[in-house]
4 protein chains.
Amino acid sequence: MTMTQRVLPDHPLLNVRQFRPTEDQYAWTFGGVEPVHSVKPGEILELYTEDCFAGRIRGVEDLPGKSIEFPFINPQTGPFFVEGAEVGDTLAIHLIDVSPARDWAVSTTVSLFGSLSSTRVTASLQEPLPERTWIYRVLEEEQEVLFQALDSDFQMRFPLQPFHGTIGVAPAAFEARNVLVPDAFGGNMDSPEVRAGATLYLGVNVKGALFSLGDGHYTMGEGETCGAAVEGAMNTVLSVEVVKGVFCEWPRLETDEALMVAGSCRPLEDAFRISHAQLVRWISDSLGLSLMDSYQLVSQAARSRIANVVDPNYTIVAKVPKRFLPADVTWMEGAHERLRRLGAEYMRAVGRTPVWAPG
Amino acid sequence: MTMTQRVLPDHPLLNVRQFRPTEDQYAWTFGGVEPVHSVKPGEILELYTEDCFAGRIRGVEDLPGKSIEFPFINPQTGPFFVEGAEVGDTLAIHLIDVSPARDWAVSTTVSLFGSLSSTRVTASLQEPLPERTWIYRVLEEEQEVLFQALDSDFQMRFPLQPFHGTIGVAPAAFEARNVLVPDAFGGNMDSPEVRAGATLYLGVNVKGALFSLGDGHYTMGEGETCGAAVEGAMNTVLSVEVVKGVFCEWPRLETDEALMVAGSCRPLEDAFRISHAQLVRWISDSLGLSLMDSYQLVSQAARSRIANVVDPNYTIVAKVPKRFLPADVTWMEGAHERLRRLGAEYMRAVGRTPVWAPG
Amino acid sequence: MTMTQRVLPDHPLLNVRQFRPTEDQYAWTFGGVEPVHSVKPGEILELYTEDCFAGRIRGVEDLPGKSIEFPFINPQTGPFFVEGAEVGDTLAIHLIDVSPARDWAVSTTVSLFGSLSSTRVTASLQEPLPERTWIYRVLEEEQEVLFQALDSDFQMRFPLQPFHGTIGVAPAAFEARNVLVPDAFGGNMDSPEVRAGATLYLGVNVKGALFSLGDGHYTMGEGETCGAAVEGAMNTVLSVEVVKGVFCEWPRLETDEALMVAGSCRPLEDAFRISHAQLVRWISDSLGLSLMDSYQLVSQAARSRIANVVDPNYTIVAKVPKRFLPADVTWMEGAHERLRRLGAEYMRAVGRTPVWAPG
Amino acid sequence: MTMTQRVLPDHPLLNVRQFRPTEDQYAWTFGGVEPVHSVKPGEILELYTEDCFAGRIRGVEDLPGKSIEFPFINPQTGPFFVEGAEVGDTLAIHLIDVSPARDWAVSTTVSLFGSLSSTRVTASLQEPLPERTWIYRVLEEEQEVLFQALDSDFQMRFPLQPFHGTIGVAPAAFEARNVLVPDAFGGNMDSPEVRAGATLYLGVNVKGALFSLGDGHYTMGEGETCGAAVEGAMNTVLSVEVVKGVFCEWPRLETDEALMVAGSCRPLEDAFRISHAQLVRWISDSLGLSLMDSYQLVSQAARSRIANVVDPNYTIVAKVPKRFLPADVTWMEGAHERLRRLGAEYMRAVGRTPVWAPG
């Protein structure tokens, strides 16, 4: 288990550390796992994450039912112990860069999984849908992925829009949760908003927060309808900060353009209720607006996004563009702004721009 | 009950008819109501629709519980009998222009209504939230509406994005449904996609289709969280066509940029399932893609939109941009393209551009 | 359309009227239909109701998809105009006797219907379950029905427990609702509690109330899992009363042993919430208990029953045995007690006892 | 941590062991906890379980928000390591006796908990319901509990019907779940069927199964509407067996009279679907009935019970009386029958009869 230090020539002040897990180092739960490393706020982490199939589905003949075995699905890189993160604080994770680590990716249907199929819990007596595997090519120059139909010659290109389907901290109440679950601790939210340029705020439930991430998606439709995105390994760069004494009950997201809250629950309307009620209260508290005025503002300004309707909990992200909020307000004690600057400095140092970022 | 003919100078071939209902002419159900007029495919209708409060809430002191009485909420202009529309056909309604008819609009909370409140059916023993009324000014030059908080000086401008919350035909099975209900016949879907430039396809359940519309929204957040948009009277121009021998089971929408299906049900995941399953099948049938390939395409390309999480059924609109579909396919026998051209011709004739249209 | 008077020898004071609809007299909606007859409170009605398949499925080869056509499913006997019933009153319908009218009955699976299948709204891309038809024999002496498996020699006897799946009044808000729908107006609740000896209270939404009934079930498991009970024609005797100036928002039921409220909605937890909140408030209001004390009483004393998890709305019946309530309280102004006595008098006059009644 | 052996005079062959946890020995999760003791199949355990409030609410002034702190709610006695239980087996837990350990019990409302309140996930902006505490007296002779209203002199007696709200094994997939959660591993199902005379079957996910139990209820209405039953400490006697090579995906229950399956999920209809689909398959497999014939049998014979509509997952128990199944079938390899005989022998030895048992 090794995390190495990397020195960027001419940028000696950027504290860059690299970690690529070996096969036995992946985490299969949030909580209940020892940290792979400690990290300090302000350090920059260059991480590798494997795809949700643990890299075992590589051709159209590799079907999930034969190639992977529950619960060894959705390997997570981490968890990382964040120095200074105490119960009741909030961990801010800023994604600086999220880049495909391969020139191909994969999507599948999985038996009794997906929103247009009966499942283990939305149980029926019908025959399951068949398992199928699609392999996508990454067209690097065009920044696209190429969809090749299985039963005809049909092809289509979708834009490369990489993000992390899964990112979270250890849950509260001594729980350890399977990596397919999204909940108050983050986890498998499958929200395209978790991309380069975004800062995710997660309430700290255990000392060190113990965050991990994985489930890279090269692109995905809203809802992750069939149960899988265009899944691929990622090279991801991030940095963290600890917001002391502020506890986010549910995951918040901030970009230069918007504030968001992710709610995860069943039925789907409860995910909607959580995310919007939390956003109403966050704005009300931060602006000093009355609760009813904040309710009205969110009702007319929110651009709500369905993240997934397939996981053990469904996720909706309530989002208010910052242009509908006063310009002079600092959110979450300015963590996003500081991390954003740090990220920009890093990207300049390495001479890259993110593939897909808000704004 | 009068519908008048209007002649546009220099455009004698455009068949324009005007209708503004008197107070006793509004419809309060879809189905079960006699038509106010017959219309011919290709005619252009200039209509007036009253706001969802029947125009009775005009100041912050006018609260819904005192000003309006169920079921006299959400008055509909219509229904119109479409010549040639038979059971089993589909009615295509193209919105040419949707423009605010007033320089103010209104939003409210309504007791036991809205997604962040218990309701008549999501019943609790808690005290209801208070009823409040917000009045918005339309800033015509800026094409914005002005939000004025009730409990502080806070103001904010939202873009003017007018659309119709409610539009539908008579339901099947001899039903008459309250105008607050969205379902397979359309109705109170509250989707911002129902705006100028869009064509709505509704399966015809009774001879003449009997469509009506209302519930103008000057702008709205996704989900209509508090239960009301920025509600206002509208001047709306539309035209219709009948697609013979094709029956849309659920409402479809087409713009120059996208295909969509609206699903309305509870719980919210069923609205998601309806809209996405219908979209998968529509694309599969039209392109000759296998069902599983179409499922995969929709899963990676869909931009799903929450319309409402407050009405008797909740609505989600599944949407695939046309840029992810072959360019040479004609959808719904080309109805949208023909109506779009007719609409463009009308707008040129009157020298206007729509306030808010896709693209 | 004829309703005939019947004189019971030696009981000249019992006002008995008989009605058996002809095939073209059935109602297919609640609301939107002219009454077949007027009835007076205190009259005794002897009615015939056809089974939910309109009598068209008579052998195991008769499959729903071929034998019946939507919306001609679930024919209702009625509606009856009740003299003196005004908007805002409550109609009390007391079932005196509910007896099988045939010595056979039928159950089926229906494509895309039933709780263990995807449906039109809980949409999936899977193949539907097959349609199958089971014919039950009524064993009159044993008061049982005989289940004969289709794919083996397996047989089993279930007790004869006849009740009406569907009974309701015209809805509010000018609506007409399909006869498969349960809602605040009653309708297709599929609750075994609607049996001989029970009084159903329905709020009156239109002058005359316009009640109708049908969908006889010879027996049924809770939930009506596969979508059909053991369906059969019924000979049903009932009488009505009008409770003036009291409006039941949701259907209430009273027997000698229990008070109940039926809630119908989706998701199923909302049916639970409606029925229990209404029952808490009914008991609180009637006993003068505080709302919180009534909440506690219902929480510990309720025996809640799943009625259906298959119809357009799902139904749960919250039930508190009267032995957990003060003995000296009169519910709904004593309507049940009066109707119960009238029913008992009738049953003595005709020399019968009900097949299945509470207690 | 001590488990003591007890010798019943004249019954030296009954292997009786006693365990009463000290305050620091309670478990707060299923999974993730070391076992307190090993037990052998066939041993009889005499256990003490504390009430769900950890014994800290003892008077009407003790409110949950002040007296208890999450996650120290619902302490479990255990977990016990069962010798011979391997992954893929099923653990059979037979409750021999479930008796109140105190002459009083307690119920409360808890802020943002309960089915007639908004909650942390069915979020609203309304004020929470007040927290209240009710103390019940146990009337031992009458075998009743006495409800005393808080806001009036109203009193009512409910029958003493003791059962365990919570009982489960360690979950699969390395998870540790909070003790308020019901799921496939059992847990906080809150089903009154988990009472003396019943055998609970739980699939074994980790070596030794690691079962624990608690949350004694002296009585409860179906649904646990307000979020708490009449909660009390218990003296419970049980024995276990391991059914080798058979894995129950969801909890099964068997009594002398009935077969049951518990499904736990949200929305509530999914709990219904799980439990009924599992029961249909169990009966189909055991009887050699076709799936569709078993579907029909369950549809007409099931008596489904709502267990809870308040916990993180809601629970429904699908139940088919054995009188509707062939008499000569052995279920789960006869585990219930053997454990039932052992339990009867014990009860004769100690000269007791269970307070409340099926049949």
# chains A, B, ... in the order shown; residues from 1 in each chain; ligands from 1

$ interface_residues --of "chain D" --to "chain C" --cutoff "6 Å" --atoms "only C-alpha atoms" --output "list in words"
Ala149, Met220, Gly221, Glu222, Glu224, Thr225, Cys226, Leu268, Glu269, Asp293, Ser299, Gln300, Ala301, Ala302, Arg303 and Ser304 of chain D

$ write_last_selection --atoms "C-alpha atoms" --output "PDB file, in the first residue's frame"
ATOM      1  CA  ALA D 149     -54.527   9.383  27.811  1.00  0.00           C
ATOM      2  CA  MET D 220     -48.892  -2.876  18.803  1.00  0.00           C
ATOM      3  CA  GLY D 221     -51.354  -1.880  16.129  1.00  0.00           C
ATOM      4  CA  GLU D 222     -50.552  -2.929  12.577  1.00  0.00           C
ATOM      5  CA  GLU D 224     -46.738   0.923  14.228  1.00  0.00           C
ATOM      6  CA  THR D 225     -48.398   4.134  13.095  1.00  0.00           C
ATOM      7  CA  CYS D 226     -46.906   6.656  15.526  1.00  0.00           C
ATOM      8  CA  LEU D 268     -44.592   0.090   0.671  1.00  0.00           C
ATOM      9  CA  GLU D 269     -45.767  -1.664  -2.509  1.00  0.00           C
ATOM     10  CA  ASP D 293     -50.933 -21.818 -10.156  1.00  0.00           C
ATOM     11  CA  SER D 299     -53.759 -14.408  -4.512  1.00  0.00           C
ATOM     12  CA  GLN D 300     -56.865 -16.022  -3.038  1.00  0.00           C
ATOM     13  CA  ALA D 301     -55.470 -17.423   0.210  1.00  0.00           C
ATOM     14  CA  ALA D 302     -53.017 -14.808   1.514  1.00  0.00           C
ATOM     15  CA  ARG D 303     -53.694 -12.822   4.643  1.00  0.00           C
ATOM     16  CA  SER D 304     -51.109 -10.088   4.270  1.00  0.00           C
TER      17      SER D 304
END

$ select_by_dssp --residues "segment 204-352 of chain D" --states "alpha helix (DSSP H)" --output "ChimeraX atom specification"
/D:268-287,291-301,335-350

$ write_last_selection --atoms "C-alpha atoms" --output "short mmCIF file (atom, residue, chain, number, x, y, z; two decimals), in the first residue's frame"
data_model
loop_
_atom_site.label_atom_id
_atom_site.label_comp_id
_atom_site.auth_asym_id
_atom_site.auth_seq_id
_atom_site.Cartn_x
_atom_site.Cartn_y
_atom_site.Cartn_z
CA LEU D 268 -44.59 0.09 0.67
CA GLU D 269 -45.77 -1.66 -2.51
CA ASP D 270 -42.25 -3.03 -2.97
CA ALA D 271 -42.46 -4.63 0.48
CA PHE D 272 -45.72 -6.17 -0.72
CA ARG D 273 -44.13 -7.34 -3.97
CA ILE D 274 -41.09 -8.89 -2.27
CA SER D 275 -43.07 -10.79 0.33
CA HIS D 276 -45.69 -12.12 -2.07
CA ALA D 277 -43.29 -13.02 -4.89
CA GLN D 278 -41.12 -14.90 -2.39
CA LEU D 279 -44.14 -16.71 -0.96
CA VAL D 280 -45.39 -17.65 -4.43
CA ARG D 281 -41.98 -19.10 -5.30
CA TRP D 282 -41.56 -20.89 -1.96
CA ILE D 283 -44.92 -22.63 -2.34
CA SER D 284 -44.34 -23.34 -6.02
CA ASP D 285 -40.97 -24.93 -5.28
CA SER D 286 -42.14 -26.93 -2.27
CA LEU D 287 -45.39 -28.25 -3.77
CA LEU D 291 -45.56 -20.62 -10.86
CA MET D 292 -48.89 -19.35 -12.23
CA ASP D 293 -50.93 -21.82 -10.16
CA SER D 294 -48.99 -20.82 -7.06
CA TYR D 295 -49.60 -17.14 -7.93
CA GLN D 296 -53.32 -17.89 -8.09
CA LEU D 297 -53.31 -19.82 -4.81
CA VAL D 298 -51.50 -17.05 -2.94
CA SER D 299 -53.76 -14.41 -4.51
CA GLN D 300 -56.87 -16.02 -3.04
CA ALA D 301 -55.47 -17.42 0.21
CA ALA D 335 -37.04 -27.33 11.46
CA HIS D 336 -40.16 -25.69 12.91
CA GLU D 337 -41.69 -28.97 13.99
CA ARG D 338 -38.56 -30.10 15.79
CA LEU D 339 -38.02 -26.77 17.50
CA ARG D 340 -41.71 -26.59 18.41
CA ARG D 341 -41.45 -29.94 20.21
CA LEU D 342 -38.32 -28.80 22.03
CA GLY D 343 -40.05 -25.60 23.04
CA ALA D 344 -43.13 -27.45 24.30
CA GLU D 345 -40.91 -29.72 26.39
CA TYR D 346 -39.23 -26.70 27.93
CA MET D 347 -42.51 -24.99 28.70
CA ARG D 348 -43.81 -28.14 30.39
CA ALA D 349 -40.58 -28.34 32.37
CA VAL D 350 -40.93 -24.79 33.65
#

$ residues_around --residues "segment 239-241 of chain C" --least-positions-apart "3" --cutoff "6 Å" --atoms "only C-alpha atoms" --output "list in words"
Pro41, Glu43, Ile44, Ala92, Ile93 and His94 of chain C

$ select_by_dssp --residues "segment 234-339 of chain A" --states "strand (DSSP E)" --output "PyMOL selection string"
chain A and resi 234-243+252-254+258-265+305-308+314-321

$ atom_distance --atom1 "atom CA of Tyr48 of chain C" --atom2 "atom CA of Phe19 of chain C"
6.7 Å

$ residues_around --residues "Ala357 of chain B" --least-positions-apart "3" --cutoff "7 Å" --atoms "only C-alpha atoms" --output "number ranges by chain"
B: 195-197, 354

$ atom_distance --atom1 "atom CA of Cys248 of chain C" --atom2 "atom CA of Ala209 of chain C"
12.7 Å

$ atom_distance --atom1 "atom CA of Val355 of chain D" --atom2 "atom CA of Leu160 of chain D"
7.5 Å
